[in-house]
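Shown here: entry-v6.txt, compact mmCIF, C-alpha atoms and all ligand atoms.
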```
# COMPACT_ATOMS: atom_id res chain seq x y z
CA MET D 119 0.00 0.00 0.00
CA THR D 120 1.14 3.51 -0.78
CA ASP D 121 2.77 5.47 2.03
CA ILE D 122 0.20 8.15 2.76
CA GLY D 123 2.36 9.99 5.27
CA ASP D 124 2.58 13.24 3.30
CA LEU D 125 -0.85 13.11 1.80
CA PRO D 126 -3.39 14.26 4.42
CA VAL D 127 -4.85 17.61 3.37
CA ALA D 128 -7.75 17.96 5.78
CA GLY D 129 -9.05 16.39 8.98
CA ASN D 130 -10.03 12.78 9.64
CA GLY D 131 -8.08 11.22 6.80
CA LEU D 132 -8.89 13.34 3.77
CA LEU D 133 -5.97 12.85 1.37
CA ASN D 134 -4.40 14.84 -1.39
CA ARG D 135 -6.23 14.36 -4.63
CA ARG D 136 -2.92 13.62 -6.35
CA LEU D 137 -3.25 10.19 -4.74
CA PHE D 138 -5.30 9.30 -7.79
CA LEU D 139 -2.26 9.85 -9.97
CA GLN D 140 -0.47 7.02 -8.18
CA ALA D 141 -0.98 3.43 -9.14
CA GLY D 142 -2.17 0.93 -6.58
CA ALA D 143 -3.11 3.58 -4.09
CA ALA D 144 -6.14 1.86 -2.66
CA GLY D 145 -4.38 -1.45 -1.96
CA ALA D 146 -7.80 -3.10 -2.19
CA ALA D 147 -6.96 -5.97 -4.51
CA THR D 148 -6.52 -9.50 -3.20
CA ILE D 149 -2.98 -10.86 -3.03
CA MET D 150 -2.50 -13.77 -5.43
CA THR D 151 -2.10 -17.15 -3.80
CA ALA D 152 -0.32 -20.18 -5.22
CA GLN D 153 -3.68 -21.87 -6.01
CA ALA D 154 -5.02 -18.97 -8.06
CA SER D 155 -2.54 -18.78 -10.89
CA ALA D 156 -2.64 -16.67 -14.03
CA GLN D 157 -2.92 -19.95 -15.97
CA ASP D 158 -6.46 -20.54 -14.72
CA GLN D 159 -8.88 -19.68 -17.49
CA PRO D 160 -12.45 -18.68 -16.80
CA ASP D 161 -15.16 -20.63 -18.69
CA SER D 162 -15.84 -17.57 -20.83
CA MET D 163 -12.45 -18.11 -22.51
CA ARG D 164 -13.36 -21.64 -23.66
CA ILE D 165 -17.04 -21.37 -24.67
CA PRO D 166 -18.18 -18.98 -27.43
CA GLY D 167 -20.25 -16.15 -26.03
CA ALA D 168 -23.80 -15.05 -26.75
CA GLY D 169 -24.97 -13.57 -30.05
CA MET D 170 -25.85 -10.07 -31.12
CA SER D 171 -29.13 -8.30 -30.39
CA GLU D 172 -30.97 -5.35 -31.85
CA SER D 173 -30.97 -3.40 -28.64
CA GLY D 174 -28.75 -3.60 -25.57
CA ALA D 175 -29.45 -4.02 -21.88
CA PRO D 176 -27.23 -3.89 -18.76
CA SER D 177 -25.46 -7.01 -17.52
CA ARG D 178 -27.75 -9.42 -15.72
CA TYR D 179 -25.41 -9.09 -12.76
CA GLU D 180 -26.22 -5.38 -12.38
CA SER D 181 -29.34 -5.54 -10.29
CA GLU D 182 -29.26 -1.97 -8.97
CA LEU D 183 -29.76 -0.14 -12.24
CA TYR D 184 -33.40 0.80 -11.95
CA ARG D 185 -35.31 3.99 -11.20
CA ARG D 186 -36.05 4.51 -7.52
CA ALA D 187 -38.95 5.56 -5.30
CA ILE D 188 -41.57 5.55 -8.04
CA ALA D 189 -44.60 7.32 -6.61
CA SER D 190 -47.83 8.70 -8.08
CA GLN D 191 -50.71 10.71 -6.62
CA PRO D 192 -53.26 8.44 -4.90
CA GLY D 193 -55.54 6.82 -7.47
CA THR D 194 -53.20 7.60 -10.41
CA THR D 195 -50.30 5.82 -12.06
CA GLY D 196 -48.72 8.63 -14.08
CA ALA D 197 -48.91 11.71 -11.85
CA GLY D 198 -45.67 11.50 -9.95
CA VAL D 199 -41.96 10.81 -10.13
CA SER D 200 -39.28 8.20 -10.59
CA ARG D 201 -35.69 8.91 -9.61
CA THR D 202 -32.22 8.27 -11.01
CA PRO D 203 -30.16 5.79 -8.91
CA LEU D 204 -27.30 8.31 -8.61
CA GLU D 205 -25.22 6.14 -6.28
CA HIS D 206 -24.94 3.37 -8.88
CA LEU D 207 -23.70 5.61 -11.71
CA ASP D 208 -20.37 7.25 -12.42
CA GLY D 209 -19.28 9.99 -14.81
CA ILE D 210 -21.70 12.72 -15.80
CA ILE D 211 -24.16 11.21 -18.28
CA THR D 212 -27.36 9.55 -17.19
CA PRO D 213 -28.33 6.58 -19.36
CA SER D 214 -31.68 7.51 -20.95
CA ARG D 215 -33.45 4.55 -19.40
CA LEU D 216 -32.47 5.83 -15.95
CA HIS D 217 -33.26 9.53 -16.51
CA PHE D 218 -35.62 10.65 -13.77
CA GLU D 219 -39.28 11.16 -14.72
CA ARG D 220 -41.77 13.75 -13.55
CA HIS D 221 -45.20 13.70 -15.11
CA HIS D 222 -48.33 15.51 -14.00
CA SER D 223 -50.75 13.34 -15.93
CA GLY D 224 -48.93 10.38 -17.39
CA ILE D 225 -46.93 9.80 -20.57
CA PRO D 226 -48.94 10.60 -23.71
CA ASP D 227 -48.66 8.38 -26.78
CA ILE D 228 -47.88 10.88 -29.53
CA ASP D 229 -47.65 10.01 -33.23
CA PRO D 230 -44.85 12.22 -34.55
CA GLY D 231 -46.42 12.20 -38.01
CA ARG D 232 -49.46 14.02 -36.66
CA HIS D 233 -47.78 16.18 -34.03
CA ARG D 234 -47.27 19.89 -34.70
CA LEU D 235 -45.47 22.70 -32.90
CA ILE D 236 -47.53 25.87 -33.23
CA ILE D 237 -46.03 29.31 -32.60
CA HIS D 238 -48.60 32.09 -32.31
CA GLY D 239 -49.54 35.19 -30.28
CA LEU D 240 -47.47 38.36 -30.64
CA VAL D 241 -45.80 37.19 -33.85
CA LYS D 242 -45.80 38.59 -37.34
CA ARG D 243 -46.52 35.19 -38.93
CA PRO D 244 -48.04 32.36 -36.88
CA LEU D 245 -46.48 29.08 -38.01
CA SER D 246 -47.05 25.35 -37.57
CA PHE D 247 -43.99 23.06 -37.68
CA SER D 248 -44.15 19.34 -38.47
CA MET D 249 -41.30 17.01 -37.45
CA ASP D 250 -40.11 17.03 -41.06
CA ALA D 251 -40.05 20.83 -41.07
CA LEU D 252 -38.05 20.95 -37.81
CA ALA D 253 -35.50 18.50 -39.19
CA ARG D 254 -34.53 21.05 -41.82
CA TYR D 255 -33.38 23.73 -39.37
CA PRO D 256 -29.77 23.89 -38.17
CA SER D 257 -29.55 22.08 -34.85
CA VAL D 258 -27.22 21.95 -31.86
CA SER D 259 -26.41 19.40 -29.15
CA ARG D 260 -25.08 19.96 -25.66
CA ILE D 261 -24.56 17.86 -22.53
CA GLN D 262 -26.66 19.46 -19.80
CA PHE D 263 -28.43 18.62 -16.56
CA LEU D 264 -32.15 18.72 -15.89
CA GLU D 265 -33.28 19.07 -12.27
CA CYS D 266 -36.77 19.17 -10.84
CA SER D 267 -37.01 22.01 -8.33
CA GLY D 268 -38.72 19.52 -6.01
CA ASN D 269 -35.46 17.55 -5.91
CA SER D 270 -34.01 16.93 -2.42
CA GLY D 271 -37.23 18.27 -0.84
CA ALA D 272 -37.03 15.48 1.75
CA LEU D 273 -34.03 17.28 3.26
CA LEU D 274 -36.46 19.88 4.60
CA SER D 275 -38.05 17.28 6.88
CA ALA D 276 -37.52 17.92 10.59
CA GLU D 277 -35.71 14.58 11.01
CA PRO D 278 -33.29 13.16 8.42
CA VAL D 279 -35.13 10.76 6.11
CA GLN D 280 -33.22 7.46 5.86
CA SER D 281 -33.12 6.74 2.13
CA GLY D 282 -30.54 6.23 -0.58
CA CYS D 283 -28.81 9.02 -2.46
CA GLY D 284 -30.97 8.51 -5.56
CA GLU D 285 -34.16 8.43 -3.53
CA LEU D 286 -33.23 11.72 -1.85
CA HIS D 287 -31.52 13.55 -4.74
CA GLY D 288 -32.34 11.58 -7.89
CA LEU D 289 -34.57 14.18 -9.52
CA VAL D 290 -31.50 15.36 -11.41
CA SER D 291 -30.03 13.73 -14.52
CA ALA D 292 -27.81 14.78 -17.41
CA SER D 293 -28.06 13.98 -21.10
CA GLU D 294 -26.78 15.15 -24.40
CA TRP D 295 -29.79 17.13 -25.64
CA GLY D 296 -30.02 17.83 -29.36
CA GLY D 297 -32.48 19.96 -31.26
CA VAL D 298 -33.33 23.25 -32.90
CA PRO D 299 -32.64 26.62 -31.20
CA LEU D 300 -36.00 28.25 -30.60
CA SER D 301 -34.47 31.55 -31.70
CA ALA D 302 -34.26 30.14 -35.24
CA LEU D 303 -37.98 29.36 -35.26
CA LEU D 304 -38.89 32.75 -33.81
CA ALA D 305 -36.77 34.38 -36.48
CA GLU D 306 -39.19 32.79 -38.97
CA THR D 307 -42.36 33.89 -37.19
CA GLY D 308 -40.97 37.28 -36.17
CA VAL D 309 -42.18 38.86 -32.91
CA THR D 310 -43.92 42.18 -32.37
CA ALA D 311 -42.27 45.07 -30.49
CA ASN D 312 -44.17 44.40 -27.25
CA ALA D 313 -43.24 40.68 -27.06
CA ARG D 314 -41.55 39.88 -23.69
CA TRP D 315 -42.48 36.32 -22.68
CA ILE D 316 -43.64 33.08 -24.20
CA VAL D 317 -46.08 30.55 -22.78
CA ALA D 318 -45.10 26.98 -23.64
CA SER D 319 -47.72 24.23 -23.40
CA GLY D 320 -47.49 20.47 -23.64
CA ALA D 321 -49.76 18.00 -25.43
CA ASP D 322 -50.30 15.87 -22.32
CA ALA D 323 -53.52 15.61 -20.29
CA ALA D 324 -51.96 17.97 -17.71
CA LYS D 325 -51.57 20.62 -20.43
CA MET D 326 -48.42 21.70 -18.57
CA SER D 327 -47.92 25.40 -19.27
CA ARG D 328 -45.09 27.69 -18.22
CA SER D 329 -44.18 31.31 -18.96
CA VAL D 330 -40.56 31.91 -19.99
CA PRO D 331 -38.89 35.30 -20.51
CA LEU D 332 -38.19 35.92 -24.19
CA ASP D 333 -34.53 36.69 -23.38
CA LYS D 334 -33.95 33.09 -22.24
CA ILE D 335 -35.73 31.75 -25.31
CA MET D 336 -33.49 33.82 -27.60
CA ASP D 337 -30.36 32.98 -25.59
CA ASP D 338 -30.13 29.17 -25.38
CA ALA D 339 -33.56 27.48 -25.41
CA ILE D 340 -33.96 24.56 -27.78
CA VAL D 341 -36.78 22.41 -29.07
CA ALA D 342 -35.12 19.14 -28.11
CA LEU D 343 -35.64 16.16 -30.42
CA TYR D 344 -32.69 13.98 -29.33
CA GLN D 345 -31.47 12.64 -26.00
CA ASN D 346 -28.10 10.88 -25.79
CA GLY D 347 -28.08 10.51 -29.54
CA GLU D 348 -31.47 8.86 -30.04
CA PRO D 349 -34.92 10.42 -30.42
CA LEU D 350 -36.31 11.49 -27.03
CA ARG D 351 -37.81 8.71 -24.96
CA PRO D 352 -41.60 8.99 -24.51
CA ALA D 353 -41.17 9.63 -20.77
CA ASN D 354 -38.86 12.55 -21.49
CA GLY D 355 -41.05 14.33 -24.01
CA TYR D 356 -41.20 12.44 -27.32
CA PRO D 357 -41.36 13.68 -29.99
CA MET D 358 -40.21 17.12 -28.78
CA ARG D 359 -39.71 19.09 -25.62
CA LEU D 360 -38.66 22.56 -24.64
CA PHE D 361 -35.22 22.46 -23.04
CA LEU D 362 -34.04 25.43 -20.97
CA PRO D 363 -30.41 24.88 -19.87
CA GLY D 364 -29.90 25.32 -16.13
CA TRP D 365 -33.49 26.31 -15.35
CA GLU D 366 -35.95 24.47 -13.15
CA GLY D 367 -37.10 21.25 -14.77
CA ASN D 368 -40.78 22.14 -14.72
CA MET D 369 -40.23 24.83 -17.36
CA SER D 370 -38.74 22.38 -19.86
CA VAL D 371 -42.21 21.52 -21.14
CA LYS D 372 -42.41 17.99 -22.54
CA TRP D 373 -44.53 16.93 -25.51
CA LEU D 374 -44.23 20.59 -26.56
CA HIS D 375 -47.26 21.62 -28.60
CA THR D 376 -47.79 25.39 -28.55
CA ILE D 377 -45.70 28.46 -27.94
CA LYS D 378 -47.67 31.65 -27.49
CA VAL D 379 -45.67 34.86 -27.57
CA VAL D 380 -47.05 37.31 -25.00
CA ASP D 381 -46.24 40.60 -23.26
CA GLN D 382 -46.46 39.31 -19.66
CA PRO D 383 -46.35 35.98 -17.80
CA ALA D 384 -49.57 33.99 -17.87
CA MET D 385 -49.45 33.17 -14.12
CA THR D 386 -50.28 29.50 -14.74
CA LYS D 387 -50.94 27.05 -11.91
CA ASP D 388 -47.40 25.71 -12.10
CA GLU D 389 -45.77 29.11 -11.70
CA THR D 390 -48.00 30.41 -8.89
CA SER D 391 -49.43 27.81 -6.51
CA LYS D 392 -46.68 25.32 -7.49
CA TYR D 393 -42.93 25.73 -8.01
CA SER D 394 -43.00 28.91 -5.90
CA ASP D 395 -41.53 29.39 -2.44
CA LEU D 396 -43.63 30.62 0.47
CA GLN D 397 -41.59 32.63 2.98
CA ASP D 398 -42.30 32.68 6.70
CA ASP D 399 -43.37 36.34 6.47
CA GLY D 400 -46.16 35.32 4.08
CA ASP D 401 -44.37 36.52 0.96
CA LEU D 402 -44.48 34.20 -2.05
CA GLN D 403 -41.33 34.01 -4.15
CA LEU D 404 -42.24 33.42 -7.78
CA PHE D 405 -40.08 32.73 -10.82
CA THR D 406 -36.98 31.13 -9.31
CA PHE D 407 -35.65 30.07 -12.69
CA PRO D 408 -31.95 29.03 -12.63
CA MET D 409 -31.25 26.08 -10.35
CA ALA D 410 -28.90 27.03 -7.51
CA VAL D 411 -25.36 25.64 -7.09
CA LYS D 412 -25.41 22.17 -5.57
CA SER D 413 -23.46 18.95 -5.05
CA VAL D 414 -23.86 15.58 -3.42
CA ILE D 415 -21.48 12.73 -2.63
CA THR D 416 -22.81 9.67 -4.45
CA SER D 417 -20.23 7.27 -2.99
CA PRO D 418 -19.96 6.47 -0.15
CA SER D 419 -23.68 6.97 0.49
CA PRO D 420 -26.48 5.00 2.17
CA GLY D 421 -26.56 1.41 0.93
CA LEU D 422 -22.98 1.52 -0.33
CA ASN D 423 -21.35 0.28 2.84
CA LEU D 424 -17.61 0.50 3.49
CA GLY D 425 -15.71 -2.71 4.15
CA SER D 426 -12.25 -2.80 5.67
CA THR D 427 -10.50 0.35 6.82
CA GLY D 428 -8.16 2.06 4.37
CA ILE D 429 -8.33 4.27 1.35
CA TYR D 430 -11.62 5.00 -0.40
CA GLN D 431 -12.64 7.23 -3.24
CA VAL D 432 -15.18 9.86 -2.28
CA SER D 433 -17.02 10.73 -5.47
CA GLY D 434 -20.04 12.78 -6.42
CA ILE D 435 -21.70 15.26 -8.75
CA ALA D 436 -21.95 19.04 -8.71
CA TRP D 437 -23.98 21.39 -10.89
CA SER D 438 -25.26 24.96 -11.14
CA GLY D 439 -27.84 26.81 -13.19
CA ALA D 440 -25.44 29.76 -13.26
CA GLY D 441 -22.95 27.97 -15.54
CA ARG D 442 -19.84 25.92 -14.83
CA ILE D 443 -18.72 24.41 -11.56
CA ARG D 444 -15.45 26.05 -10.51
CA ARG D 445 -14.64 24.11 -7.36
CA VAL D 446 -15.84 21.30 -5.11
CA GLU D 447 -14.52 20.89 -1.59
CA VAL D 448 -14.89 17.76 0.51
CA SER D 449 -14.80 17.37 4.29
CA ALA D 450 -14.44 14.15 6.29
CA ASP D 451 -14.84 15.77 9.71
CA GLY D 452 -18.32 17.23 9.51
CA GLY D 453 -17.17 20.51 7.99
CA GLU D 454 -14.36 21.47 10.37
CA SER D 455 -11.80 21.23 7.58
CA TRP D 456 -12.12 21.03 3.81
CA ALA D 457 -9.94 20.10 0.84
CA ASP D 458 -10.44 20.58 -2.89
CA ALA D 459 -11.68 17.56 -4.79
CA ALA D 460 -10.35 16.71 -8.25
CA LEU D 461 -12.80 17.46 -11.07
CA ASP D 462 -13.12 15.09 -14.02
CA GLU D 463 -11.99 16.50 -17.35
CA LEU D 464 -15.40 17.57 -18.67
CA VAL D 465 -16.49 20.66 -16.75
CA LEU D 466 -19.34 21.95 -18.91
CA PRO D 467 -21.77 24.82 -18.35
CA HIS D 468 -25.19 23.75 -16.99
CA CYS D 469 -23.98 20.19 -16.67
CA LEU D 470 -23.18 17.69 -13.96
CA THR D 471 -19.49 17.78 -13.02
CA ARG D 472 -17.94 14.66 -11.49
CA PHE D 473 -15.63 15.19 -8.50
CA ARG D 474 -13.37 12.76 -6.65
CA SER D 475 -11.34 12.82 -3.45
CA ALA D 476 -9.24 10.22 -1.69
CA TRP D 477 -10.02 9.39 1.91
CA ALA D 478 -8.32 7.10 4.43
CA TRP D 479 -11.08 5.73 6.62
CA ASN D 480 -9.70 4.76 10.02
CA GLY D 481 -12.76 2.75 11.00
CA GLY D 482 -14.17 5.43 13.25
CA PRO D 483 -17.37 7.39 12.77
CA ALA D 484 -17.06 10.22 10.25
CA VAL D 485 -19.32 12.79 8.63
CA ILE D 486 -18.52 13.44 4.98
CA LEU D 487 -19.71 16.51 3.08
CA SER D 488 -19.26 18.20 -0.28
CA ARG D 489 -19.58 21.91 -1.05
CA ALA D 490 -19.72 23.27 -4.60
CA THR D 491 -18.82 26.73 -5.91
CA ASP D 492 -19.87 27.85 -9.39
CA GLU D 493 -18.18 30.20 -11.84
CA ALA D 494 -20.39 33.09 -10.70
CA GLY D 495 -18.91 32.64 -7.20
CA ASN D 496 -22.08 31.16 -5.64
CA VAL D 497 -21.20 28.76 -2.82
CA GLN D 498 -23.52 25.89 -1.87
CA PRO D 499 -25.14 26.85 1.46
CA THR D 500 -25.60 24.82 4.63
CA ARG D 501 -28.99 23.27 5.32
CA ALA D 502 -29.55 25.83 8.08
CA ALA D 503 -28.95 28.70 5.66
CA VAL D 504 -31.42 27.25 3.15
CA LEU D 505 -34.07 26.93 5.86
CA GLU D 506 -33.72 30.54 6.94
CA GLY D 507 -36.83 32.57 6.13
CA ARG D 508 -38.71 29.66 4.54
CA ALA D 509 -42.26 28.82 5.56
CA VAL D 510 -42.60 25.39 7.20
CA GLY D 511 -43.78 22.76 4.73
CA THR D 512 -42.26 24.29 1.60
CA PHE D 513 -39.86 22.10 -0.29
CA TYR D 514 -38.89 23.51 -3.69
CA HIS D 515 -35.40 24.74 -4.60
CA TYR D 516 -33.43 22.97 -1.87
CA ASN D 517 -29.66 23.08 -2.51
CA GLY D 518 -28.14 22.63 0.96
CA ILE D 519 -24.97 20.68 1.72
CA GLN D 520 -25.66 16.95 2.19
CA ALA D 521 -23.99 15.23 5.14
CA TRP D 522 -23.48 11.45 5.22
CA GLN D 523 -22.62 9.79 8.50
CA VAL D 524 -20.21 6.88 8.11
CA ASN D 525 -20.63 4.50 11.06
CA ARG D 526 -18.12 2.10 12.66
CA ASP D 527 -19.75 -0.88 10.94
CA GLY D 528 -19.23 0.78 7.55
CA SER D 529 -22.89 1.67 7.04
CA VAL D 530 -23.79 5.17 5.88
CA ASN D 531 -26.82 7.28 6.72
CA ASN D 532 -28.34 10.71 6.25
CA VAL D 533 -27.58 13.22 9.04
CA TYR D 534 -28.07 16.93 9.62
CA VAL D 535 -25.00 18.85 10.82
N1 LIG W 601 -46.02 18.58 -20.66
C1 LIG W 601 -45.36 18.37 -19.51
N2 LIG W 601 -44.13 18.87 -19.38
C2 LIG W 601 -43.43 18.69 -18.24
C3 LIG W 601 -44.02 18.00 -17.14
C4 LIG W 601 -45.32 17.47 -17.31
O1 LIG W 601 -45.90 16.83 -16.42
N3 LIG W 601 -45.98 17.69 -18.50
N4 LIG W 601 -43.29 17.88 -15.96
C5 LIG W 601 -42.28 18.90 -15.74
C6 LIG W 601 -41.44 18.70 -14.60
S1 LIG W 601 -42.08 19.13 -13.08
C7 LIG W 601 -40.13 18.33 -14.72
S2 LIG W 601 -39.09 18.28 -13.40
C8 LIG W 601 -39.58 17.89 -16.03
C9 LIG W 601 -39.14 16.45 -15.91
O2 LIG W 601 -38.60 15.99 -17.12
P1 LIG W 601 -38.25 14.45 -17.28
O3 LIG W 601 -39.49 13.66 -16.95
O4 LIG W 601 -37.79 14.31 -18.68
O5 LIG W 601 -37.16 14.15 -16.30
O6 LIG W 601 -40.52 18.00 -17.07
C10 LIG W 601 -41.39 19.09 -16.98
N5 LIG W 601 -42.17 19.18 -18.17
MO MO W 602 -40.38 19.23 -11.60
```

Is it possible to give me this structure as structure tokens?
Ligand SMILES: Nc1nc2c(c(=O)[nH]1)N[C@H]1C(S)=C(S)[C@@H](COP(=O)(O)O)O[C@H]1N2
Ligand SMILES: [Mo]
Amino acid sequence: MTDIGDLPVAGNGLLNRRLFLQAGAAGAATIMTAQASAQDQPDSMRIPGAGMSESGAPSRYESELYRRAIASQPGTTGAGVSRTPLEHLDGIITPSRLHFERHHSGIPDIDPGRHRLIIHGLVKRPLSFSMDALARYPSVSRIQFLECSGNSGALLSAEPVQSGCGELHGLVSASEWGGVPLSALLAETGVTANARWIVASGADAAKMSRSVPLDKIMDDAIVALYQNGEPLRPANGYPMRLFLPGWEGNMSVKWLHTIKVVDQPAMTKDETSKYSDLQDDGDLQLFTFPMAVKSVITSPSPGLNLGSTGIYQVSGIAWSGAGRIRRVEVSADGGESWADAALDELVLPHCLTRFRSAWAWNGGPAVILSRATDEAGNVQPTRAAVLEGRAVGTFYHYNGIQAWQVNRDGSVNNVYV
């Protein structure tokens, strides 16, 4: 095992991230015995393997790769959520089949041949776009996160809820989203001088409708047609969805059907009574659009127990609606001391960023935390700071620091610090 004498950088065993540049640092492999020789061939080297298939699936040995905590309103099956199993993934891209889902009235079955996107209202020329028409516009693709502003709402409970990382924080995912910039379509319709907002509506039974400032639409909004290289999955908006990089998930209207250009927000149900934040002085905060800077350690986390003492990788994801992640710090002593984590190579704007630290667990209890800072200088707040001024019972837009307690037996659970 590597000599870690010069490597501690913060309290309770947090090690220099350059440990990852050294081979064999973890010392976790089993020492070869005389019986297990390199000559032994596994069966798979003697018997030809299975054949090809038209569509792939994970290994049958990977039993944890499924969406978590699927829940729907009483008496419904499609008015609820399913969550990404964050603790069983690495890197920054969420496989499409594990992207979280949030539907208000189920997944509609939409025939792309009959579906139209209609742009009307304060425009010079109302237009209707078929899928074929959209395919002829120049398109873009970018790897970006989508987060429901109800994500992590359980962290506002008075007592820490004992669930897995994905169950608590899995209403965030990241994909490569491809499609047509909405600015290109609005250039065709033209807008009148008093145009300031748009109202986007979906073709689902919930008729999800959200008002979006025209500036955002012209800046980086797309009509997304592709997700991780393939046409959108039905659950994620097939055949087209609005995608607003960095902004609260609810506004990225799925099954996008109409865009009405208007001079003021429509004050729809989902931007007034929902997705708004009641303050304890009775004030209601509306229109919290960009998602705040946030991070969470995905491993270790509840359910991923530690075994023997020694060196572990502490890994997680960080993201911000303000742009790129600049820095992630990790603590192994409940926040008394911190050290910078290493960031994976791809640090993209409005995307998940993967961070990693090395930690020597001495077998004692420890509280591990991560704290993200974005390129605008926003620092992820403590849970106490997030709670300040909020009315009891509100749960949207939670971005507080997550603390995991590592216990002597190697189990991990949710704690408040
Ligand atoms: N038409 C429509 N669009 C919608 C919704 C919906 O129920 N209907 N849910 C919204 C919410 S609350 C979120 S968080 C995201 C979720 O997108 P996903 O299911 O692709 O993860 O879609 C948004 N767009
Ligand atoms: Mo959402």

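For segment 278-290 of chain D, the residues within 7 Å (counting all atoms listed in the file, excluding itself and residues fewer than 2 positions away along the chain) are D:Arg186, D:Ala187, D:Arg201, D:Thr202, D:Pro203, D:Leu204, D:Glu205, D:Phe218, D:Phe263, D:Leu264, D:Glu265, D:Cys266, D:Asn269, D:Ser270, D:Ala272, D:Leu273, D:Ser275, D:Ala276, D:Thr416, D:Ser419, D:Pro420, D:Gly421, D:Asn531, D:Asn532, D:Val533, D:Tyr534.
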
Students should find that atom CA of Ser301 of chain D and atom CA of Asp322 of chain D are spaced 24.2 Å

For the contact check between chain D and ligand LIG 601 (chain W), emit one row per residue of chain D within 8 Å, containing the shortest atom pair and the distance in Å rounded to one decimal, counting all atoms listed in the file, chain then rising number order, as a tab-separated table.
```
residue	atom	partner	partner_atom	distance
D:Ala197	CA	W:LIG601	O1	7.5
D:Val199	CA	W:LIG601	O3	7.8
D:His217	CA	W:LIG601	O5	6.0
D:Phe218	CA	W:LIG601	O5	4.6
D:Glu219	CA	W:LIG601	O3	3.4
D:Arg220	CA	W:LIG601	O3	4.1
D:His221	CA	W:LIG601	O1	3.5
D:His222	CA	W:LIG601	O1	3.7
D:Ser223	CA	W:LIG601	O1	6.0
D:Gly224	CA	W:LIG601	O1	7.2
D:Leu264	CA	W:LIG601	O5	6.8
D:Glu265	CA	W:LIG601	S2	6.0
D:Cys266	CA	W:LIG601	S2	3.6
D:Ser267	CA	W:LIG601	S2	6.6
D:Gly268	CA	W:LIG601	S2	7.5
D:Leu289	CA	W:LIG601	S2	7.2
D:Val290	CA	W:LIG601	O5	7.6
D:Ser291	CA	W:LIG601	O5	7.4
D:Ser319	CA	W:LIG601	N1	6.5
D:Gly320	CA	W:LIG601	N1	3.8
D:Ala321	CA	W:LIG601	N1	6.1
D:Asp322	CA	W:LIG601	N1	5.3
D:Ala324	CA	W:LIG601	N3	6.0
D:Lys325	CA	W:LIG601	N1	5.9
D:Met326	CA	W:LIG601	N1	4.5
D:Ser327	CA	W:LIG601	N1	7.2
D:Ala353	CA	W:LIG601	O3	5.8
D:Asn354	CA	W:LIG601	O4	3.5
D:Gly355	CA	W:LIG601	O4	6.2
D:Arg359	CA	W:LIG601	N2	7.6
D:Glu366	CA	W:LIG601	S2	6.9
D:Gly367	CA	W:LIG601	S2	3.8
D:Asn368	CA	W:LIG601	C6	3.5
D:Met369	CA	W:LIG601	C10	5.9
D:Ser370	CA	W:LIG601	N5	5.0
D:Val371	CA	W:LIG601	N2	3.7
D:Lys372	CA	W:LIG601	N2	3.7
D:Trp373	CA	W:LIG601	N1	5.3
D:Leu374	CA	W:LIG601	N1	6.5
```

Just the number, please: distance in Å from atom CA of Leu470 of chain D to atom CA of Thr491 of chain D, one decimal.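 Between these atoms lies a distance of 12.9 Å.
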
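Residue nearest Leu235 of chain D, chosen from D:Gly174, D:Gly495, D:Pro357, D:Gly131 and counting all atoms listed in the file: D:Pro357.
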
Work out how far atom CA of Gly308 of chain D is from atom CA of Arg243 of chain D, in Å to one decimal. 6.5 Å

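Nearest residue to Asp388 of chain D among D:Ser329, D:Ser438, D:Ser171, D:Thr376 is D:Ser329, counting only C-alpha atoms.
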
Quick one: of D:Met150, D:Val258, D:Leu207, D:Met409, who's nearest to ligand MO 602 (chain W), counting only C-alpha atoms and all ligand atoms?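 Of all the options, D:Met409 lies closest to ligand MO 602 (chain W).
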
Tell me which residues come within 8 Å of (-36.0, 21.7, -24.2), as JSON, numbers by chain, counting only C-alpha atoms in the file's coordinates. {"D": [295, 339, 340, 341, 342, 358, 359, 360, 361, 362, 363, 370, 371, 372]}

Neighbour residues at most 12 Å from (-38.7, 32.5, -40.4) (all atoms listed in the file) as an MDAnalysis selection string: chainID D and resid 237 241:247 251:252 255 300:309

Rank nothing, just name the residue among D:Leu343, D:Trp456, D:Gly169, D:Glu389 nearest to ligand MO 602 (chain W), using all atoms listed in the file.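 Answer, going by the shortest atom-to-atom distance: D:Glu389.
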
Any idea what's packed within 8 Å of Ala457 of chain D, counting only C-alpha atoms, ignoring anything in its chain fewer than 3 positions away? Could you give it as a VMD selection string? chain D and resid 127 to 128 132 134 447 to 449

Expected file contents, prior selection, C-alpha atoms, as a PDB file, keeping the file's coordinate frame:
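Result file is out.pdb:
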```
ATOM      1  CA  VAL D 127      -4.850  17.610   3.370  1.00  0.00           C
ATOM      2  CA  ALA D 128      -7.750  17.960   5.780  1.00  0.00           C
ATOM      3  CA  LEU D 132      -8.890  13.340   3.770  1.00  0.00           C
ATOM      4  CA  ASN D 134      -4.400  14.840  -1.390  1.00  0.00           C
ATOM      5  CA  GLU D 447     -14.520  20.890  -1.590  1.00  0.00           C
ATOM      6  CA  VAL D 448     -14.890  17.760   0.510  1.00  0.00           C
ATOM      7  CA  SER D 449     -14.800  17.370   4.290  1.00  0.00           C
TER       8      SER D 449
END
```

Kindly list the centre and edge lengths in Å, rounded to one decimal, for the axis-aligned box that covers all listed atoms of segment 374-391 of chain D plus 4 Å on each of its six sides, as JSON.
```
{"center_x": -47.6, "center_y": 30.6, "center_z": -17.6, "size_x": 14.7, "size_y": 28.0, "size_z": 30.1}
```

Using only C-alpha atoms, determine which residues lie at most 12 Å from Leu461 of chain D, disregarding the query and same-chain residues fewer than 3 positions distant; provide the list as an NGL selection string. :D and (135-136 or 138 or 209-210 or 432-437 or 442-448 or 458 or 464-466 or 470-475 or 490)
